[in-house]
$ cat coords_26.txt   # compact mmCIF, C-alpha atoms
# COMPACT_ATOMS: atom_id res chain seq x y z
CA MET A 1 17.57 -19.29 13.49
CA ASP A 2 19.28 -17.24 16.15
CA GLU A 3 16.57 -17.54 18.78
CA PRO A 4 13.81 -19.98 19.74
CA GLY A 5 10.59 -19.24 17.95
CA GLY A 6 12.39 -17.22 15.28
CA SER A 7 11.27 -19.43 12.43
CA TYR A 8 7.74 -19.39 13.81
CA SER A 9 7.56 -15.62 13.40
CA PHE A 10 8.78 -15.60 9.78
CA ALA A 11 6.35 -18.39 8.92
CA HIS A 12 3.66 -16.64 10.93
CA GLY A 13 4.15 -13.49 8.85
CA ALA A 14 4.10 -15.50 5.63
CA ARG A 15 0.87 -17.26 6.65
CA LYS A 16 -0.77 -14.03 7.81
CA VAL A 17 -0.09 -12.32 4.50
CA ALA A 18 -0.95 -15.27 2.23
CA PRO A 19 -4.55 -14.24 1.49
CA PHE A 20 -3.42 -10.66 0.82
CA SER A 21 -0.61 -11.85 -1.42
CA ILE A 22 -3.11 -13.44 -3.80
CA ALA A 23 -4.83 -10.05 -4.07
CA VAL A 24 -1.47 -8.30 -4.51
CA PHE A 25 -0.64 -10.82 -7.24
CA GLY A 26 -3.84 -9.62 -8.96
CA PHE A 27 -2.73 -5.98 -8.60
CA GLY A 28 0.66 -6.98 -10.02
CA VAL A 29 -1.12 -8.43 -13.05
CA SER A 30 -3.11 -5.20 -13.51
CA PHE A 31 0.05 -3.12 -13.16
CA GLY A 32 1.77 -5.23 -15.83
CA VAL A 33 -1.22 -4.95 -18.16
CA LEU A 34 -1.53 -1.17 -17.72
CA ALA A 35 2.20 -0.38 -17.78
CA ALA A 36 3.38 -2.48 -20.73
CA PRO A 37 1.87 -0.34 -23.53
CA ALA A 38 3.49 2.82 -22.07
CA MET A 39 6.76 1.44 -20.70
CA GLY A 40 7.59 -1.60 -22.79
CA ARG A 41 7.96 -5.16 -21.59
CA VAL A 42 11.08 -5.05 -19.42
CA ALA A 43 10.83 -1.71 -17.59
CA PRO A 44 7.61 -2.54 -15.65
CA ILE A 45 9.11 -5.80 -14.36
CA VAL A 46 12.38 -4.09 -13.36
CA MET A 47 10.28 -1.42 -11.64
CA SER A 48 8.37 -4.01 -9.58
CA VAL A 49 11.67 -5.66 -8.60
CA THR A 50 13.38 -2.40 -7.56
CA THR A 51 10.43 -0.20 -6.45
CA PHE A 52 8.17 -2.33 -4.30
CA ALA A 53 5.31 0.19 -3.98
CA GLY A 54 2.13 -0.52 -5.92
CA SER A 55 0.17 2.72 -5.86
CA ALA A 56 3.21 4.81 -6.84
CA GLN A 57 3.99 2.47 -9.72
CA PHE A 58 0.40 2.66 -10.95
CA ALA A 59 0.59 6.45 -10.79
CA SER A 60 3.78 6.77 -12.86
CA ALA A 61 2.67 4.20 -15.42
CA SER A 62 -0.71 5.86 -15.94
CA ILE A 63 0.89 9.30 -16.27
CA LEU A 64 3.32 7.98 -18.92
CA ALA A 65 0.44 6.17 -20.65
CA ASP A 66 -1.54 9.41 -20.84
CA GLY A 67 1.44 11.13 -22.47
CA GLY A 68 2.51 12.94 -19.29
CA THR A 69 6.05 14.18 -18.72
CA LEU A 70 8.87 12.31 -16.98
CA GLY A 71 8.83 14.95 -14.22
CA ALA A 72 5.12 14.44 -13.54
CA ALA A 73 5.51 10.65 -13.47
CA VAL A 74 8.41 10.79 -11.01
CA VAL A 75 6.99 13.51 -8.73
CA ALA A 76 3.58 11.77 -8.46
CA ALA A 77 5.24 8.50 -7.44
CA ILE A 78 7.46 10.22 -4.88
CA LEU A 79 4.48 12.08 -3.38
CA LEU A 80 2.56 8.81 -3.12
CA ASN A 81 5.53 7.20 -1.38
CA LEU A 82 6.15 10.03 1.09
CA ARG A 83 3.98 8.20 3.62
CA TYR A 84 6.78 5.64 3.86
CA GLY A 85 8.85 8.33 5.62
CA PRO A 86 6.76 8.31 8.84
CA ILE A 87 5.95 4.62 8.31
CA GLY A 88 9.71 3.97 8.29
CA VAL A 89 10.07 5.88 11.58
CA SER A 90 7.32 3.69 13.08
CA VAL A 91 9.08 0.42 12.18
CA ALA A 92 12.60 1.70 12.97
CA PRO A 93 12.62 0.56 16.64
CA SER A 94 11.91 -3.05 15.58
CA LEU A 95 14.66 -3.17 12.92
CA THR A 96 17.98 -3.88 14.62
CA GLY A 97 21.35 -5.02 13.22
CA PRO A 98 23.77 -3.40 10.75
CA TRP A 99 22.59 -0.43 8.65
CA TRP A 100 22.60 -2.34 5.35
CA SER A 101 20.38 -5.03 6.81
CA ARG A 102 17.96 -2.37 8.13
CA LEU A 103 17.97 -0.68 4.70
CA LEU A 104 17.24 -4.00 2.98
CA ARG A 105 14.44 -5.07 5.31
CA ALA A 106 12.93 -1.56 5.16
CA GLN A 107 12.24 -2.20 1.45
CA LEU A 108 9.83 -5.00 2.45
CA VAL A 109 7.70 -2.47 4.33
CA VAL A 110 4.57 -1.75 2.30
CA ASP A 111 1.06 -0.90 3.49
CA GLU A 112 0.10 -4.56 3.91
CA THR A 113 3.20 -5.79 5.79
CA TRP A 114 3.20 -2.67 7.92
CA ALA A 115 -0.46 -3.07 8.91
CA LEU A 116 -0.10 -6.80 9.63
CA SER A 117 3.10 -6.46 11.68
CA GLY A 118 1.66 -3.85 14.08
CA ASP A 119 1.10 -4.88 17.69
CA GLY A 120 -1.68 -2.32 18.23
CA ARG A 121 0.51 -0.18 20.50
CA GLY A 122 2.67 1.47 17.83
CA GLY A 123 5.26 -1.34 17.78
CA HIS A 124 6.07 -3.67 14.88
CA ASP A 125 7.47 -7.19 14.57
CA ALA A 126 10.48 -7.28 12.23
CA LYS A 127 10.11 -11.02 11.57
CA ILE A 128 6.52 -10.59 10.41
CA ILE A 129 7.64 -7.73 8.15
CA VAL A 130 10.25 -9.99 6.52
CA GLY A 131 8.14 -13.19 6.36
CA ALA A 132 5.10 -11.35 5.01
CA GLY A 133 7.20 -9.03 2.84
CA VAL A 134 8.98 -11.82 0.95
CA VAL A 135 5.68 -13.56 0.12
CA LEU A 136 4.04 -10.29 -0.95
CA TYR A 137 7.07 -9.24 -3.00
CA ALA A 138 7.03 -12.56 -4.86
CA GLY A 139 3.32 -12.12 -5.62
CA TRP A 140 3.89 -8.56 -6.86
CA VAL A 141 6.82 -9.39 -9.16
CA ILE A 142 5.29 -12.60 -10.57
CA GLY A 143 1.95 -10.82 -11.07
CA THR A 144 3.64 -7.95 -12.93
CA THR A 145 5.48 -10.40 -15.19
CA ILE A 146 2.27 -12.27 -16.04
CA GLY A 147 0.44 -8.98 -16.67
CA VAL A 148 3.18 -7.80 -19.06
CA LEU A 149 3.33 -11.13 -20.93
CA PHE A 150 -0.41 -11.84 -21.16
CA GLY A 151 -1.88 -8.33 -21.16
CA ASP A 152 -3.51 -8.88 -24.55
CA LEU A 153 -5.46 -11.86 -23.24
CA ILE A 154 -6.48 -10.23 -19.96
CA GLY A 155 -7.79 -6.92 -21.32
CA ASP A 156 -8.81 -3.98 -19.12
CA PRO A 157 -8.31 -4.92 -15.40
CA ALA A 158 -11.30 -2.69 -14.50
CA ARG A 159 -13.51 -5.20 -16.34
CA TRP A 160 -12.60 -7.70 -13.58
CA GLY A 161 -13.32 -5.15 -10.83
CA LEU A 162 -9.67 -5.15 -9.75
CA ASP A 163 -9.76 -1.40 -9.07
CA ALA A 164 -12.33 -2.04 -6.30
CA ALA A 165 -10.25 -4.88 -4.86
CA PHE A 166 -7.64 -2.25 -3.88
CA PRO A 167 -9.81 -0.28 -1.40
CA ALA A 168 -11.37 -3.54 -0.14
CA LEU A 169 -7.88 -4.80 0.69
CA PHE A 170 -7.05 -1.61 2.57
CA LEU A 171 -10.40 -1.85 4.43
CA ALA A 172 -9.57 -5.42 5.50
CA LEU A 173 -6.23 -4.12 6.82
CA LEU A 174 -7.83 -1.09 8.49
CA VAL A 175 -10.38 -2.89 10.67
CA PRO A 176 -7.88 -4.77 12.90
CA ASN A 177 -6.10 -1.42 13.39
CA LEU A 178 -9.15 0.22 14.97
CA ASP A 179 -8.72 -1.44 18.37
CA ARG A 180 -6.59 1.24 20.06
CA PRO A 181 -7.66 4.50 21.74
CA HIS A 182 -8.59 7.28 19.27
CA ALA A 183 -8.08 4.92 16.28
CA THR A 184 -11.61 5.26 14.93
CA SER A 185 -11.45 9.05 15.21
CA ALA A 186 -8.06 9.04 13.44
CA ALA A 187 -9.48 6.86 10.65
CA ILE A 188 -12.54 9.07 10.10
CA LEU A 189 -10.43 12.23 10.21
CA GLY A 190 -7.83 10.71 7.84
CA ALA A 191 -10.49 9.72 5.31
CA ALA A 192 -12.13 13.16 5.56
CA ILE A 193 -8.82 14.99 5.02
CA ALA A 194 -7.99 12.78 2.03
CA LEU A 195 -11.37 13.31 0.34
CA ALA A 196 -11.38 17.05 1.04
CA LEU A 197 -7.94 17.54 -0.52
CA THR A 198 -8.38 15.22 -3.53
CA PRO A 199 -9.98 17.87 -5.80
CA ILE A 200 -7.43 20.57 -4.94
CA ALA A 201 -4.06 18.87 -4.36
CA PRO A 202 -1.85 16.70 -6.60
CA PRO A 203 -2.17 12.90 -6.05
CA GLY A 204 -0.23 11.75 -2.99
CA ILE A 205 -0.59 14.97 -1.00
CA PRO A 206 -4.10 14.05 0.31
CA ILE A 207 -2.72 10.76 1.66
CA VAL A 208 0.28 12.39 3.32
CA ALA A 209 -1.95 15.10 4.83
CA ALA A 210 -4.35 12.41 6.11
CA GLY A 211 -1.44 11.03 8.12
CA LEU A 212 -1.60 14.19 10.25
CA ALA A 213 -4.76 12.71 11.82
CA CYS A 214 -2.36 10.58 13.90
CA LEU A 215 -1.65 13.71 15.97
CA LEU A 216 -4.85 12.79 17.85
CA GLY A 217 -2.57 10.36 19.68
CA TRP A 218 -0.84 13.30 21.34
CA ARG A 219 -3.73 13.44 23.82
CA ARG A 220 -3.72 11.08 26.78
CA ALA A 221 -5.34 7.75 25.93
CA MET B 1 17.45 6.11 -22.50
CA ASN B 2 13.71 6.75 -22.70
CA ASP B 3 11.30 8.19 -20.12
CA ALA B 4 10.13 4.76 -18.96
CA TRP B 5 13.65 3.79 -17.87
CA TRP B 6 14.35 7.18 -16.27
CA THR B 7 11.10 6.72 -14.32
CA VAL B 8 12.23 3.28 -13.16
CA ILE B 9 15.62 4.61 -12.01
CA LEU B 10 14.43 7.85 -10.37
CA VAL B 11 11.32 6.44 -8.68
CA GLY B 12 13.25 3.35 -7.57
CA THR B 13 16.11 5.34 -6.02
CA ALA B 14 13.76 7.79 -4.29
CA THR B 15 11.57 5.00 -2.91
CA ILE B 16 14.52 3.04 -1.53
CA ALA B 17 15.77 6.23 0.16
CA ILE B 18 12.35 7.19 1.59
CA LYS B 19 11.65 3.68 2.91
CA GLY B 20 15.16 3.29 4.30
CA ALA B 21 15.60 6.69 5.97
CA GLY B 22 13.81 5.93 9.27
CA PRO B 23 15.25 2.44 9.82
CA VAL B 24 18.81 3.45 8.78
CA LEU B 25 18.92 6.64 10.89
CA LEU B 26 16.84 5.54 13.90
CA GLY B 27 16.98 1.73 13.69
CA GLY B 28 16.76 -0.32 16.89
CA ARG B 29 16.06 2.62 19.19
CA PRO B 30 12.67 2.89 20.94
CA LEU B 31 10.52 5.94 20.18
CA PRO B 32 9.56 8.27 23.05
CA GLU B 33 6.26 7.11 24.58
CA ARG B 34 4.12 9.99 23.30
CA LEU B 35 5.59 9.81 19.78
CA GLY B 36 4.88 6.06 19.85
CA ARG B 37 1.20 6.77 20.53
CA VAL B 38 1.07 9.31 17.69
CA ILE B 39 2.80 6.92 15.26
CA GLY B 40 0.42 4.14 16.38
CA LEU B 41 -2.46 6.14 14.93
CA LEU B 42 -0.72 6.52 11.57
CA ALA B 43 -2.00 3.11 10.43
CA PRO B 44 -5.74 3.82 10.91
CA ALA B 45 -5.36 7.35 9.45
CA LEU B 46 -3.41 6.32 6.33
CA LEU B 47 -5.34 3.10 5.66
CA ALA B 48 -8.67 4.94 5.93
CA ALA B 49 -7.35 7.59 3.52
CA LEU B 50 -6.31 4.87 1.05
CA VAL B 51 -9.77 3.26 1.31
CA ALA B 52 -11.50 6.60 0.72
CA ILE B 53 -9.31 7.70 -2.23
CA ASN B 54 -9.35 4.34 -3.98
CA THR B 55 -13.14 4.10 -3.60
CA PHE B 56 -14.21 7.64 -4.52
CA GLY B 57 -11.20 9.21 -6.23
CA ASP B 58 -10.79 9.38 -10.00
CA GLY B 59 -7.72 11.51 -10.64
CA ARG B 60 -8.63 14.81 -9.01
CA ALA B 61 -12.37 14.20 -9.13
CA LEU B 62 -14.57 12.54 -6.50
CA VAL B 63 -17.03 10.11 -8.08
CA LEU B 64 -19.62 7.60 -6.92
CA ASP B 65 -19.37 4.57 -9.21
CA GLU B 66 -19.50 0.76 -9.15
CA ARG B 67 -16.44 0.60 -6.87
CA ALA B 68 -18.56 1.91 -3.99
CA LEU B 69 -20.87 -1.12 -4.36
CA GLY B 70 -17.88 -3.47 -4.31
CA VAL B 71 -16.33 -1.82 -1.25
CA GLY B 72 -19.75 -1.77 0.46
CA ALA B 73 -20.02 -5.53 -0.09
CA ALA B 74 -16.49 -5.88 1.29
CA ALA B 75 -17.48 -3.93 4.42
CA VAL B 76 -20.43 -6.26 5.04
CA ALA B 77 -18.18 -9.30 4.51
CA ILE B 78 -15.60 -7.92 6.98
CA TRP B 79 -18.40 -7.28 9.50
CA LEU B 80 -19.48 -10.93 9.07
CA LYS B 81 -15.85 -11.94 9.77
CA ALA B 82 -15.22 -13.30 6.26
CA PRO B 83 -11.56 -14.18 5.49
CA PRO B 84 -9.58 -11.37 3.73
CA LEU B 85 -9.30 -13.18 0.41
CA LEU B 86 -13.07 -13.63 0.21
CA VAL B 87 -13.48 -9.93 1.07
CA VAL B 88 -11.21 -8.84 -1.78
CA VAL B 89 -12.64 -11.28 -4.34
CA LEU B 90 -16.18 -10.26 -3.40
CA ALA B 91 -15.36 -6.57 -3.90
CA ALA B 92 -13.93 -7.27 -7.36
CA ALA B 93 -16.82 -9.57 -8.34
CA VAL B 94 -19.58 -7.19 -7.20
CA THR B 95 -17.89 -4.30 -9.03
CA ALA B 96 -17.35 -6.31 -12.21
CA VAL B 97 -20.96 -7.56 -12.25
CA ALA B 98 -22.32 -4.06 -11.54
CA ARG B 99 -20.21 -2.68 -14.40
CA ALA B 100 -21.45 -5.35 -16.78
CA LEU B 101 -25.13 -4.82 -15.84
CA LEU B 102 -25.45 -1.07 -15.19

$ encode --input "coords_26.txt" --output "structure tokens"
Amino acid sequence: MDEPGGSYSFAHGARKVAPFSIAVFGFGVSFGVLAAPAMGRVAPIVMSVTTFAGSAQFASASILADGGTLGAAVVAAILLNLRYGPIGVSVAPSLTGPWWSRLLRAQLVVDETWALSGDGRGGHDAKIIVGAGVVLYAGWVIGTTIGVLFGDLIGDPARWGLDAAFPALFLALLVPNLDRPHATSAAILGAAIALALTPIAPPGIPIVAAGLACLLGWRRA
Amino acid sequence: MNDAWWTVILVGTATIAIKGAGPVLLGGRPLPERLGRVIGLLAPALLAALVAINTFGDGRALVLDERALGVGAAAVAIWLKAPPLLVVVLAAAVTAVARALL
């Protein structure tokens, strides 16, 4: 470790994310189960290794499973991942060092690690991102592999209520993020924008548009 | 190469680029104070949108189904300061039981 307390922060991130990583493992299993019939056995696992972004992966796999086109599968996933543009800007100040190291660590930024690494004032802790990200990534990849291999035994993930575990996880991440000025208003506005646009815009757009609710922060706290 | 592999390659490359853009171009530099406050509200806004869409969204339709019961139970558990894993398991269990019974 290059500084005192460095190992504490990685371990701290890993510990903080542990309960979420069990849930993400479950989502990985559902992704494997749902993707294997449409994508084969190897492609879903390679996708979890190279694209660490659950909701986008679910979107492409379900589009391919429904007989959708390659273009639709790719565009939907990219739209769902557009939020990582501004999210990347928000973590950028905390990621120092050479560009390749910043690029690599940026891949460990997902909703969960981003929410857990926030300091409540717009800043993020790079060590928590890495410590939490590695644990979460392992859960995601191992879960996907198990889902692909044992999909026949597991059956429809919705039978286990896993589709409701998703929003519950995001709710558990949201609540600690409500402690700053205007945060509750931003959350209500974000949810309202997302729901209002869902019937009229392609998947992904409502989430990106909901991000505009953060402009409430432009006002003085 | 089939569509599944093209999806893996194209989505993977785009995601790496999207995630990496901010940290590679702006890495290590502090954001202006006002922009920092705006970005600080991105988490509540996006997380609330993800909760709403994953609870009530079904493709392009808005529906009220068993997931709402599960997420409602999760909200009560969070309010009672239950640990996150219990919150998530409870949401799945309530939803699964509701689906089996209703």

$ closest_atom_pairs --input "coords_26.txt" --of "chain A" --to "chain B" --cutoff "6 Å" --atoms "only C-alpha atoms" --output "JSON lines"
{"residue": "A:Pro19", "atom": "CA", "partner": "B:Leu85", "partner_atom": "CA", "distance": 5.0}
{"residue": "A:Met39", "atom": "CA", "partner": "B:Ala4", "partner_atom": "CA", "distance": 5.0}
{"residue": "A:Met47", "atom": "CA", "partner": "B:Val8", "partner_atom": "CA", "distance": 5.3}
{"residue": "A:Thr50", "atom": "CA", "partner": "B:Gly12", "partner_atom": "CA", "distance": 5.8}
{"residue": "A:Thr51", "atom": "CA", "partner": "B:Gly12", "partner_atom": "CA", "distance": 4.7}
{"residue": "A:Leu70", "atom": "CA", "partner": "B:Asp3", "partner_atom": "CA", "distance": 5.7}
{"residue": "A:Val74", "atom": "CA", "partner": "B:Val11", "partner_atom": "CA", "distance": 5.7}
{"residue": "A:Tyr84", "atom": "CA", "partner": "B:Lys19", "partner_atom": "CA", "distance": 5.3}
{"residue": "A:Gly85", "atom": "CA", "partner": "B:Ile18", "partner_atom": "CA", "distance": 5.5}
{"residue": "A:Gly88", "atom": "CA", "partner": "B:Gly22", "partner_atom": "CA", "distance": 4.6}
{"residue": "A:Val89", "atom": "CA", "partner": "B:Gly22", "partner_atom": "CA", "distance": 4.4}
{"residue": "A:Ser90", "atom": "CA", "partner": "B:Ile39", "partner_atom": "CA", "distance": 6.0}
{"residue": "A:Ala92", "atom": "CA", "partner": "B:Pro23", "partner_atom": "CA", "distance": 4.2}
{"residue": "A:Pro93", "atom": "CA", "partner": "B:Gly28", "partner_atom": "CA", "distance": 4.2}
{"residue": "A:Ser94", "atom": "CA", "partner": "B:Gly28", "partner_atom": "CA", "distance": 5.7}
{"residue": "A:Leu95", "atom": "CA", "partner": "B:Gly28", "partner_atom": "CA", "distance": 5.3}
{"residue": "A:Thr96", "atom": "CA", "partner": "B:Gly28", "partner_atom": "CA", "distance": 4.4}
{"residue": "A:Trp99", "atom": "CA", "partner": "B:Val24", "partner_atom": "CA", "distance": 5.4}
{"residue": "A:Arg102", "atom": "CA", "partner": "B:Pro23", "partner_atom": "CA", "distance": 5.8}
{"residue": "A:Leu103", "atom": "CA", "partner": "B:Gly20", "partner_atom": "CA", "distance": 4.9}
{"residue": "A:Ala106", "atom": "CA", "partner": "B:Gly20", "partner_atom": "CA", "distance": 5.4}
{"residue": "A:Arg121", "atom": "CA", "partner": "B:Gly40", "partner_atom": "CA", "distance": 6.0}
{"residue": "A:Gly122", "atom": "CA", "partner": "B:Gly40", "partner_atom": "CA", "distance": 3.8}
{"residue": "A:Arg159", "atom": "CA", "partner": "B:Ala96", "partner_atom": "CA", "distance": 5.7}
{"residue": "A:Trp160", "atom": "CA", "partner": "B:Ala96", "partner_atom": "CA", "distance": 5.1}
{"residue": "A:Gly161", "atom": "CA", "partner": "B:Ala92", "partner_atom": "CA", "distance": 4.1}
{"residue": "A:Leu162", "atom": "CA", "partner": "B:Ala92", "partner_atom": "CA", "distance": 5.3}
{"residue": "A:Ala164", "atom": "CA", "partner": "B:Arg67", "partner_atom": "CA", "distance": 4.9}
{"residue": "A:Ala165", "atom": "CA", "partner": "B:Ala92", "partner_atom": "CA", "distance": 5.1}
{"residue": "A:Pro167", "atom": "CA", "partner": "B:Val51", "partner_atom": "CA", "distance": 4.5}
{"residue": "A:Ala168", "atom": "CA", "partner": "B:Val71", "partner_atom": "CA", "distance": 5.4}
{"residue": "A:Leu169", "atom": "CA", "partner": "B:Val88", "partner_atom": "CA", "distance": 5.8}
{"residue": "A:Phe170", "atom": "CA", "partner": "B:Val51", "partner_atom": "CA", "distance": 5.7}
{"residue": "A:Leu174", "atom": "CA", "partner": "B:Leu47", "partner_atom": "CA", "distance": 5.6}
{"residue": "A:Asn177", "atom": "CA", "partner": "B:Pro44", "partner_atom": "CA", "distance": 5.8}
{"residue": "A:Ala183", "atom": "CA", "partner": "B:Leu41", "partner_atom": "CA", "distance": 5.9}
{"residue": "A:Ala186", "atom": "CA", "partner": "B:Ala45", "partner_atom": "CA", "distance": 5.1}
{"residue": "A:Ala187", "atom": "CA", "partner": "B:Ala45", "partner_atom": "CA", "distance": 4.3}
{"residue": "A:Gly190", "atom": "CA", "partner": "B:Ala45", "partner_atom": "CA", "distance": 4.5}
{"residue": "A:Ala191", "atom": "CA", "partner": "B:Ala49", "partner_atom": "CA", "distance": 4.2}
{"residue": "A:Ala194", "atom": "CA", "partner": "B:Ala49", "partner_atom": "CA", "distance": 5.4}
{"residue": "A:Thr198", "atom": "CA", "partner": "B:Arg60", "partner_atom": "CA", "distance": 5.5}
{"residue": "A:Pro199", "atom": "CA", "partner": "B:Arg60", "partner_atom": "CA", "distance": 4.6}
{"residue": "A:Ile207", "atom": "CA", "partner": "B:Ala49", "partner_atom": "CA", "distance": 5.9}
{"residue": "A:Gly211", "atom": "CA", "partner": "B:Leu46", "partner_atom": "CA", "distance": 5.4}
{"residue": "A:Ala213", "atom": "CA", "partner": "B:Ala45", "partner_atom": "CA", "distance": 5.9}
{"residue": "A:Cys214", "atom": "CA", "partner": "B:Leu41", "partner_atom": "CA", "distance": 4.6}
{"residue": "A:Leu215", "atom": "CA", "partner": "B:Val38", "partner_atom": "CA", "distance": 5.5}
{"residue": "A:Gly217", "atom": "CA", "partner": "B:Val38", "partner_atom": "CA", "distance": 4.3}
{"residue": "A:Trp218", "atom": "CA", "partner": "B:Val38", "partner_atom": "CA", "distance": 5.7}

$ atom_distance --input "coords_26.txt" --atom1 "atom CA of Ala14 of chain A" --atom2 "atom CA of Asp125 of chain A"
12.7 Å

$ atom_distance --input "coords_26.txt" --atom1 "atom CA of Pro202 of chain A" --atom2 "atom CA of Ala59 of chain A"
11.3 Å

$ residues_around --input "coords_26.txt" --residues "Arg15 of chain A" --least-positions-apart "5" --cutoff "10 Å" --atoms "all atoms listed in the file" --output "list in words"
Ser9, Phe10, Phe20, Ser21, Ile128, Gly131, Ala132 and Val135 of chain A

$ write_last_selection --input "coords_26.txt" --atoms "C-alpha atoms" --output "PDB file, in the frame of the given file"
ATOM      1  CA  SER A   9       7.560 -15.620  13.400  1.00  0.00           C
ATOM      2  CA  PHE A  10       8.780 -15.600   9.780  1.00  0.00           C
ATOM      3  CA  PHE A  20      -3.420 -10.660   0.820  1.00  0.00           C
ATOM      4  CA  SER A  21      -0.610 -11.850  -1.420  1.00  0.00           C
ATOM      5  CA  ILE A 128       6.520 -10.590  10.410  1.00  0.00           C
ATOM      6  CA  GLY A 131       8.140 -13.190   6.360  1.00  0.00           C
ATOM      7  CA  ALA A 132       5.100 -11.350   5.010  1.00  0.00           C
ATOM      8  CA  VAL A 135       5.680 -13.560   0.120  1.00  0.00           C
TER       9      VAL A 135
END

$ residues_near_point --input "coords_26.txt" --point "(-1.6, 14.7, 3.3)" --cutoff "9 Å" --atoms "all atoms listed in the file" --output "PyMOL selection string"
chain A and resi 83+190+193-194+197+204-212

$ atom_distance --input "coords_26.txt" --atom1 "atom CA of Asp156 of chain A" --atom2 "atom CA of Gly28 of chain A"
13.5 Å

$ axis_aligned_box --input "coords_26.txt" --around "segment 64-74 of chain B" --padding-each-side "4 Å" --output "JSON"
{"center_x": -18.6, "center_y": 0.9, "center_z": -4.0, "size_x": 12.5, "size_y": 21.5, "size_z": 18.5}

$ closest_residue --input "coords_26.txt" --among "A:Leu79, A:Val46, A:Val134, A:Leu34" --to "Leu104 of chain A" --atoms "only C-alpha atoms"
A:Val134

$ residues_around --input "coords_26.txt" --residues "Pro37 of chain A" --least-positions-apart "3" --cutoff "9 Å" --atoms "all atoms listed in the file" --output "PDB file with C-alpha atoms, keeping the file's coordinate frame"
ATOM      1  CA  VAL A  33      -1.220  -4.950 -18.160  1.00  0.00           C
ATOM      2  CA  LEU A  34      -1.530  -1.170 -17.720  1.00  0.00           C
ATOM      3  CA  GLY A  40       7.590  -1.600 -22.790  1.00  0.00           C
ATOM      4  CA  ARG A  41       7.960  -5.160 -21.590  1.00  0.00           C
ATOM      5  CA  ALA A  65       0.440   6.170 -20.650  1.00  0.00           C
ATOM      6  CA  VAL A 148       3.180  -7.800 -19.060  1.00  0.00           C
TER       7      VAL A 148
END

$ decode --input "coords_26.txt" --residues "segment 42-60 of chain B" --atoms "C-alpha atoms" --output "compact mmCIF listing (two decimals), in the first residue's frame"
# COMPACT_ATOMS: atom_id res chain seq x y z
CA LEU B 42 -27.26 12.75 -9.95
CA ALA B 43 -27.24 9.77 -7.55
CA PRO B 44 -30.66 10.42 -5.95
CA ALA B 45 -32.19 11.32 -9.35
CA LEU B 46 -30.87 8.26 -11.23
CA LEU B 47 -31.37 5.77 -8.40
CA ALA B 48 -34.97 6.92 -7.89
CA ALA B 49 -35.56 6.56 -11.65
CA LEU B 50 -34.14 3.02 -11.57
CA VAL B 51 -36.41 2.14 -8.61
CA ALA B 52 -39.47 3.55 -10.40
CA ILE B 53 -38.79 1.89 -13.78
CA ASN B 54 -37.87 -1.50 -12.34
CA THR B 55 -40.97 -1.49 -10.11
CA PHE B 56 -43.62 -0.21 -12.52
CA GLY B 57 -42.11 -0.55 -16.00
CA ASP B 58 -42.80 -3.49 -18.30
CA GLY B 59 -41.19 -2.65 -21.62
CA ARG B 60 -42.95 0.56 -22.61
